[in-house]
>>> print(open('upload-v6.cif').read())   # mmCIF, C-alpha atoms and all ligand atoms
data_protein
loop_
_atom_site.label_atom_id
_atom_site.label_comp_id
_atom_site.auth_asym_id
_atom_site.auth_seq_id
_atom_site.Cartn_x
_atom_site.Cartn_y
_atom_site.Cartn_z
CA MET J 1 -96.35 49.83 19.06
CA LYS J 2 -97.72 50.89 22.46
CA ASN J 3 -99.92 53.92 22.95
CA LEU J 4 -99.04 56.28 25.79
CA GLY J 5 -101.59 58.61 27.35
CA ILE J 6 -100.01 61.55 29.18
CA LEU J 7 -101.90 63.36 31.94
CA LEU J 8 -100.56 66.72 33.11
CA SER J 9 -101.69 69.85 34.93
CA GLY J 10 -98.95 72.40 34.31
CA ARG J 11 -95.63 73.10 32.64
CA GLY J 12 -95.21 69.65 31.13
CA SER J 13 -91.43 69.27 31.17
CA ASN J 14 -91.71 65.55 31.95
CA PHE J 15 -94.08 65.16 29.03
CA VAL J 16 -91.54 66.93 26.77
CA ALA J 17 -88.77 64.64 28.03
CA ILE J 18 -90.88 61.59 27.11
CA ALA J 19 -91.73 63.04 23.69
CA ASP J 20 -88.03 63.80 23.09
CA SER J 21 -87.09 60.25 24.05
CA ILE J 22 -89.56 58.90 21.52
CA ALA J 23 -88.28 61.27 18.82
CA ALA J 24 -84.69 60.26 19.57
CA GLY J 25 -85.46 56.55 19.39
CA ARG J 26 -84.87 55.91 23.10
CA LEU J 27 -88.43 54.54 23.36
CA SER J 28 -88.68 52.82 20.03
CA ASN J 29 -91.94 50.94 20.56
CA ALA J 30 -94.00 53.83 21.97
CA ARG J 31 -96.04 56.72 20.62
CA ILE J 32 -98.00 59.43 22.43
CA ALA J 33 -101.64 58.83 21.53
CA VAL J 34 -103.11 61.64 23.62
CA VAL J 35 -102.13 64.37 26.11
CA ILE J 36 -104.86 65.33 28.57
CA SER J 37 -104.89 68.15 31.11
CA ASN J 38 -107.41 68.78 33.88
CA ARG J 39 -106.54 72.48 33.62
CA ASP J 40 -107.51 74.33 30.44
CA GLU J 41 -104.62 76.77 30.75
CA ALA J 42 -101.81 74.21 31.35
CA PRO J 43 -98.76 75.30 29.31
CA GLY J 44 -98.01 71.62 28.62
CA LEU J 45 -101.18 71.39 26.49
CA GLU J 46 -100.01 74.20 24.22
CA THR J 47 -96.61 72.52 23.88
CA ALA J 48 -98.33 69.28 22.91
CA ARG J 49 -100.41 71.05 20.26
CA ARG J 50 -97.33 72.76 18.83
CA ARG J 51 -95.80 69.31 18.48
CA GLY J 52 -98.79 68.17 16.51
CA LEU J 53 -100.07 65.84 19.22
CA ASN J 54 -103.65 65.15 20.12
CA ALA J 55 -104.10 67.41 23.19
CA LEU J 56 -107.32 67.65 25.20
CA ALA J 57 -108.40 69.82 28.10
CA ILE J 58 -110.90 68.04 30.32
CA SER J 59 -111.46 70.54 33.10
CA SER J 60 -111.84 69.17 36.60
CA LYS J 61 -113.01 72.48 38.04
CA GLY J 62 -115.96 71.97 40.36
CA LYS J 63 -116.48 68.37 39.22
CA PRO J 64 -116.82 65.40 41.56
CA ARG J 65 -113.70 63.25 41.24
CA GLU J 66 -115.24 60.21 39.63
CA GLU J 67 -117.38 62.17 37.20
CA HIS J 68 -114.24 63.87 35.88
CA ASP J 69 -112.29 60.61 35.89
CA ARG J 70 -114.96 58.92 33.75
CA LYS J 71 -114.43 61.52 31.04
CA VAL J 72 -110.67 61.15 31.19
CA VAL J 73 -110.85 57.35 31.07
CA ALA J 74 -113.25 57.52 28.11
CA ALA J 75 -110.75 59.71 26.23
CA LEU J 76 -107.89 57.34 27.08
CA GLN J 77 -109.91 54.37 25.87
CA GLN J 78 -110.99 56.13 22.68
CA ASN J 79 -107.32 56.67 21.94
CA GLN J 80 -106.52 53.02 22.72
CA VAL J 81 -104.04 53.93 25.41
CA ASP J 82 -101.95 51.04 26.73
CA LEU J 83 -99.99 52.91 29.40
CA VAL J 84 -101.03 56.05 31.31
CA CYS J 85 -98.19 58.36 32.39
CA LEU J 86 -98.95 60.97 35.05
CA ALA J 87 -96.55 63.83 34.39
CA GLY J 88 -97.23 66.53 36.96
CA TYR J 89 -100.91 65.60 37.12
CA MET J 90 -101.92 67.35 40.32
CA ARG J 91 -105.12 65.50 40.95
CA LEU J 92 -105.77 62.30 42.86
CA LEU J 93 -107.18 59.47 40.77
CA SER J 94 -110.34 57.80 42.04
CA PRO J 95 -110.07 54.08 42.89
CA TRP J 96 -112.38 53.50 39.91
CA PHE J 97 -109.86 55.13 37.54
CA VAL J 98 -107.02 53.04 38.94
CA GLN J 99 -109.07 49.86 38.48
CA GLN J 100 -109.58 50.62 34.77
CA PHE J 101 -105.81 50.39 34.15
CA PRO J 102 -104.39 47.79 36.54
CA SER J 103 -100.57 48.13 36.71
CA ARG J 104 -100.78 50.37 33.66
CA ILE J 105 -100.53 53.81 35.29
CA LEU J 106 -97.16 55.38 36.15
CA ASN J 107 -96.45 58.47 38.23
CA ILE J 108 -93.34 60.54 38.82
CA HIS J 109 -92.75 62.10 42.21
CA PRO J 110 -89.93 64.50 43.12
CA SER J 111 -88.60 62.70 46.20
CA LEU J 112 -87.26 59.32 47.21
CA LEU J 113 -90.53 57.71 48.27
CA PRO J 114 -91.72 56.83 50.85
CA ALA J 115 -90.09 60.07 52.09
CA PHE J 116 -92.02 63.27 51.42
CA PRO J 117 -95.20 62.20 49.64
CA GLY J 118 -97.77 64.84 48.70
CA LEU J 119 -97.28 68.38 47.52
CA GLU J 120 -93.99 70.30 47.23
CA ALA J 121 -91.82 67.30 47.96
CA GLN J 122 -88.62 69.13 47.01
CA GLN J 123 -89.36 71.89 49.52
CA GLN J 124 -90.30 69.33 52.16
CA ALA J 125 -86.95 67.57 51.67
CA PHE J 126 -85.01 70.84 51.74
CA ALA J 127 -86.75 72.04 54.90
CA TYR J 128 -86.21 68.68 56.62
CA GLY J 129 -82.48 68.98 55.98
CA VAL J 130 -81.88 65.65 54.24
CA LYS J 131 -78.50 65.32 52.52
CA VAL J 132 -79.79 63.14 49.70
CA THR J 133 -83.11 63.29 47.91
CA GLY J 134 -84.20 62.48 44.35
CA CYS J 135 -87.15 61.23 42.38
CA THR J 136 -89.28 58.12 42.03
CA VAL J 137 -91.27 56.59 39.17
CA HIS J 138 -93.82 54.14 40.49
CA PHE J 139 -96.97 52.29 39.53
CA VAL J 140 -100.10 54.06 40.73
CA ASP J 141 -102.32 52.25 43.19
CA GLU J 142 -105.27 53.52 45.19
CA GLU J 143 -103.09 55.30 47.79
CA LEU J 144 -101.26 58.59 47.25
CA ASP J 145 -97.65 58.28 46.02
CA HIS J 146 -97.62 54.66 47.10
CA GLY J 147 -97.45 51.97 44.38
CA ALA J 148 -94.54 49.66 43.55
CA ILE J 149 -91.32 51.50 42.66
CA ILE J 150 -89.87 51.10 39.16
CA VAL J 151 -86.96 53.59 39.10
CA GLN J 152 -85.38 55.97 41.62
CA LYS J 153 -82.59 58.50 41.06
CA THR J 154 -80.69 60.17 43.88
CA VAL J 155 -79.71 63.84 44.03
CA PRO J 156 -77.34 65.19 46.72
CA VAL J 157 -78.45 68.29 48.63
CA LEU J 158 -75.58 70.77 48.45
CA ASP J 159 -74.74 73.34 51.12
CA SER J 160 -75.07 75.99 48.42
CA ASP J 161 -78.59 74.83 47.42
CA ASP J 162 -81.82 76.67 47.91
CA GLU J 163 -85.22 75.11 47.23
CA HIS J 164 -85.10 76.18 43.60
CA THR J 165 -81.64 74.93 42.66
CA LEU J 166 -82.43 71.64 44.37
CA ALA J 167 -85.76 71.30 42.52
CA GLU J 168 -84.00 72.01 39.21
CA ARG J 169 -81.44 69.26 39.74
CA ILE J 170 -84.18 66.83 40.78
CA LEU J 171 -86.11 67.73 37.62
CA GLU J 172 -83.11 66.85 35.42
CA GLN J 173 -83.10 63.40 36.99
CA GLU J 174 -86.88 63.09 36.62
CA HIS J 175 -86.50 63.49 32.88
CA VAL J 176 -84.01 60.62 32.74
CA ALA J 177 -85.92 58.42 35.17
CA TYR J 178 -89.27 58.59 33.39
CA THR J 179 -87.92 57.31 30.09
CA GLU J 180 -86.07 54.52 31.89
CA ALA J 181 -89.21 53.45 33.74
CA ILE J 182 -91.40 53.51 30.60
CA ARG J 183 -88.82 51.38 28.79
CA ILE J 184 -88.76 48.83 31.63
CA VAL J 185 -92.56 48.61 31.70
CA LEU J 186 -92.98 48.38 27.93
CA GLU J 187 -90.28 45.74 27.60
CA GLY J 188 -92.19 43.78 30.24
CA ASN J 189 -89.04 42.09 31.42
CA PHE J 190 -89.87 42.21 35.13
CA GLU J 191 -92.07 40.70 37.77
CA ILE J 192 -94.07 42.37 40.53
CA LYS J 193 -93.35 40.55 43.80
CA GLY J 194 -95.41 42.28 46.47
CA ARG J 195 -94.06 45.81 46.35
CA ARG J 196 -90.86 44.80 44.57
CA ILE J 197 -90.27 45.17 40.85
CA VAL J 198 -87.70 42.51 40.02
CA ARG J 199 -86.11 42.77 36.61
CA GLY J 200 -85.01 40.04 34.27
CA GLN J 201 -88.21 38.03 34.61
CA ARG J 202 -91.17 38.01 32.26
CA SER J 203 -93.92 40.32 33.40
CA GLU J 204 -97.35 39.26 34.51
CA VAL J 205 -98.50 42.66 33.36
CA ARG J 206 -100.02 42.33 29.92
CA LEU J 207 -100.08 45.64 28.15
CA GLN J 208 -101.78 44.08 25.15
CA LYS J 209 -105.53 44.27 25.34
C1 LIG X 1 -92.55 67.45 38.61
O1 LIG X 1 -91.52 67.85 39.48
C2 LIG X 1 -93.23 66.21 39.14
O2 LIG X 1 -92.37 65.31 39.77
C3 LIG X 1 -94.19 66.81 40.14
O3 LIG X 1 -94.69 67.94 39.49
C4 LIG X 1 -93.69 68.46 38.61
C5 LIG X 1 -94.30 68.62 37.24
O4 LIG X 1 -93.40 69.25 36.39
N1 LIG X 1 -95.22 65.90 40.51
C6 LIG X 1 -95.70 65.78 41.74
O5 LIG X 1 -95.33 66.46 42.67
C7 LIG X 1 -96.77 64.71 41.90
N2 LIG X 1 -97.01 64.45 43.28
P1 LIG X 1 -93.60 69.20 34.82
O6 LIG X 1 -95.03 69.71 34.57
O7 LIG X 1 -92.59 70.16 34.27
O8 LIG X 1 -93.40 67.79 34.36
#
>>> encode(input="upload-v6.cif", output="structure tokens", more="lines below")
Ligand code: GAR
Amino acid sequence: MKNLGILLSGRGSNFVAIADSIAAGRLSNARIAVVISNRDEAPGLETARRRGLNALAISSKGKPREEHDRKVVAALQQNQVDLVCLAGYMRLLSPWFVQQFPSRILNIHPSLLPAFPGLEAQQQAFAYGVKVTGCTVHFVDEELDHGAIIVQKTVPVLDSDDEHTLAERILEQEHVAYTEAIRIVLEGNFEIKGRRIVRGQRSEVRLQK
């Protein structure tokens, strides 16, 4: 059994999708060991508590990045987390944090990276006028929205779309993509070749500590 640690800052719909996948047996070898938010008032924390999960607020307000990250990493380690899943965690990780979990942190981003990194990716894509966008689940490295890509899903931009309808359809795909990516990583049946995740080969990434 592998322990997931979920980090979120807001609504938490990606967290719920992961929890639902576990409950439905789509991620049979995973459990959520802890849910952590950097914002005390994140609705996702309340949802986690209602589901009986271990949910912690570790406020980042006014704290230097690494000082906050040390508290978060300590909580992840206390809960013996094998894989960290950023699920709408709107805070950059310090290089130190990333080094504590090499190739063991995933992030979901609402665009087809490397297009539209950063904030409000759906709005950026809509305003740019692309005809296809989507979402990306990738390993986290020390650069923003940058690590090796595990899963991408495409979403067409319709003439009838506005920013909100587009974001909603991207979100549906995010929920599918995250489970798929976690399954790939936990199965370990892949290799990291430079930036490329190539499946069907045993992983060098050892999730076991
Ligand atoms: C999601 O759309 C996620 O891709 C995005 O925040 C939203 C969180 O929603 N993340 C980023 O933009 C990270 N750069 P959720 O709280 O309902 O999962």
>>> closest_atom_pairs(input="upload-v6.cif", of="segment 57-110 of chain J", to="segment 163-183 of chain J", cutoff="12 Å", atoms="only C-alpha atoms", output="JSON lines")
{"residue": "J:Asp82", "atom": "CA", "partner": "J:Ile182", "partner_atom": "CA", "distance": 11.5}
{"residue": "J:Leu83", "atom": "CA", "partner": "J:Ile182", "partner_atom": "CA", "distance": 8.7}
{"residue": "J:Val84", "atom": "CA", "partner": "J:Ile182", "partner_atom": "CA", "distance": 10.0}
{"residue": "J:Cys85", "atom": "CA", "partner": "J:Ile182", "partner_atom": "CA", "distance": 8.5}
{"residue": "J:Leu86", "atom": "CA", "partner": "J:Tyr178", "partner_atom": "CA", "distance": 10.1}
{"residue": "J:Ala87", "atom": "CA", "partner": "J:Tyr178", "partner_atom": "CA", "distance": 9.0}
{"residue": "J:Gly88", "atom": "CA", "partner": "J:Glu174", "partner_atom": "CA", "distance": 10.9}
{"residue": "J:Arg104", "atom": "CA", "partner": "J:Ile182", "partner_atom": "CA", "distance": 10.4}
{"residue": "J:Ile105", "atom": "CA", "partner": "J:Ile182", "partner_atom": "CA", "distance": 10.3}
{"residue": "J:Leu106", "atom": "CA", "partner": "J:Ile182", "partner_atom": "CA", "distance": 8.2}
{"residue": "J:Asn107", "atom": "CA", "partner": "J:Tyr178", "partner_atom": "CA", "distance": 8.7}
{"residue": "J:Ile108", "atom": "CA", "partner": "J:Tyr178", "partner_atom": "CA", "distance": 7.1}
{"residue": "J:His109", "atom": "CA", "partner": "J:Glu174", "partner_atom": "CA", "distance": 8.2}
{"residue": "J:Pro110", "atom": "CA", "partner": "J:Ile170", "partner_atom": "CA", "distance": 6.6}
>>> atom_distance(input="upload-v6.cif", atom1="atom CA of Val16 of chain J", atom2="atom CA of Lys61 of chain J")
24.9 Å
>>> closest_residue(input="upload-v6.cif", among="J:Asp40, J:Asp145, J:Asp162, J:Glu67", to="ligand LIG 1 (chain X)", atoms="all atoms listed in the file")
J:Asp145
>>> closest_residue(input="upload-v6.cif", among="J:Ala121, J:Gln80, J:Leu93, J:Arg51", to="ligand LIG 1 (chain X)", atoms="only C-alpha atoms and all ligand atoms")
J:Ala121
>>> closest_residue(input="upload-v6.cif", among="J:Asn38, J:Ser103, J:Ser60, J:Gln123", to="Leu186 of chain J", atoms="all atoms listed in the file")
J:Ser103
>>> residues_around(input="upload-v6.cif", residues="Leu76 of chain J", least_positions_apart="5", cutoff="10 Å", atoms="only C-alpha atoms", output="PDB file with C-alpha atoms, in the coordinates of the input")
ATOM      1  CA  ASN J   3     -99.920  53.920  22.950  1.00  0.00           C
ATOM      2  CA  LEU J   4     -99.040  56.280  25.790  1.00  0.00           C
ATOM      3  CA  GLY J   5    -101.590  58.610  27.350  1.00  0.00           C
ATOM      4  CA  ILE J   6    -100.010  61.550  29.180  1.00  0.00           C
ATOM      5  CA  LEU J   7    -101.900  63.360  31.940  1.00  0.00           C
ATOM      6  CA  ALA J  33    -101.640  58.830  21.530  1.00  0.00           C
ATOM      7  CA  VAL J  34    -103.110  61.640  23.620  1.00  0.00           C
ATOM      8  CA  VAL J  35    -102.130  64.370  26.110  1.00  0.00           C
ATOM      9  CA  ILE J  36    -104.860  65.330  28.570  1.00  0.00           C
ATOM     10  CA  ARG J  70    -114.960  58.920  33.750  1.00  0.00           C
ATOM     11  CA  LYS J  71    -114.430  61.520  31.040  1.00  0.00           C
ATOM     12  CA  VAL J  81    -104.040  53.930  25.410  1.00  0.00           C
ATOM     13  CA  ASP J  82    -101.950  51.040  26.730  1.00  0.00           C
ATOM     14  CA  LEU J  83     -99.990  52.910  29.400  1.00  0.00           C
ATOM     15  CA  VAL J  84    -101.030  56.050  31.310  1.00  0.00           C
TER      16      VAL J  84
END
>>> atom_distance(input="upload-v6.cif", atom1="atom CA of Phe15 of chain J", atom2="atom CA of Gly44 of chain J")
7.6 Å
>>> atom_distance(input="upload-v6.cif", atom1="atom CA of Thr133 of chain J", atom2="atom CA of Val157 of chain J")
6.9 Å
>>> build_atoms(input="upload-v6.cif", residues="segment 68-79 of chain J", atoms="N, CA, C and O atoms", output="short mmCIF file (atom, residue, chain, number, x, y, z; two decimals), keeping the file's coordinate frame")
data_model
loop_
_atom_site.label_atom_id
_atom_site.label_comp_id
_atom_site.auth_asym_id
_atom_site.auth_seq_id
_atom_site.Cartn_x
_atom_site.Cartn_y
_atom_site.Cartn_z
N HIS J 68 -115.34 63.39 36.74
CA HIS J 68 -114.24 63.87 35.88
C HIS J 68 -113.42 62.70 35.37
O HIS J 68 -113.09 62.61 34.18
N ASP J 69 -113.11 61.76 36.27
CA ASP J 69 -112.29 60.61 35.89
C ASP J 69 -112.95 59.80 34.78
O ASP J 69 -112.27 59.25 33.91
N ARG J 70 -114.28 59.71 34.80
CA ARG J 70 -114.96 58.92 33.75
C ARG J 70 -114.73 59.54 32.37
O ARG J 70 -114.55 58.83 31.39
N LYS J 71 -114.70 60.86 32.33
CA LYS J 71 -114.43 61.52 31.04
C LYS J 71 -112.99 61.28 30.58
O LYS J 71 -112.74 61.05 29.40
N VAL J 72 -112.09 61.35 31.54
CA VAL J 72 -110.67 61.15 31.19
C VAL J 72 -110.45 59.71 30.72
O VAL J 72 -109.81 59.47 29.68
N VAL J 73 -111.02 58.76 31.45
CA VAL J 73 -110.85 57.35 31.07
C VAL J 73 -111.47 57.09 29.70
O VAL J 73 -110.89 56.38 28.86
N ALA J 74 -112.61 57.70 29.43
CA ALA J 74 -113.25 57.52 28.11
C ALA J 74 -112.32 58.02 27.01
O ALA J 74 -112.15 57.35 25.98
N ALA J 75 -111.67 59.17 27.24
CA ALA J 75 -110.75 59.71 26.23
C ALA J 75 -109.53 58.81 26.07
O ALA J 75 -109.04 58.59 24.95
N LEU J 76 -109.04 58.26 27.16
CA LEU J 76 -107.89 57.34 27.08
C LEU J 76 -108.27 56.09 26.29
O LEU J 76 -107.51 55.62 25.43
N GLN J 77 -109.47 55.59 26.56
CA GLN J 77 -109.91 54.37 25.87
C GLN J 77 -110.16 54.63 24.38
O GLN J 77 -109.79 53.81 23.54
N GLN J 78 -110.77 55.78 24.09
CA GLN J 78 -110.99 56.13 22.68
C GLN J 78 -109.68 56.16 21.90
O GLN J 78 -109.63 55.85 20.72
N ASN J 79 -108.63 56.58 22.59
CA ASN J 79 -107.32 56.67 21.94
C ASN J 79 -106.49 55.40 22.12
O ASN J 79 -105.29 55.39 21.86
#
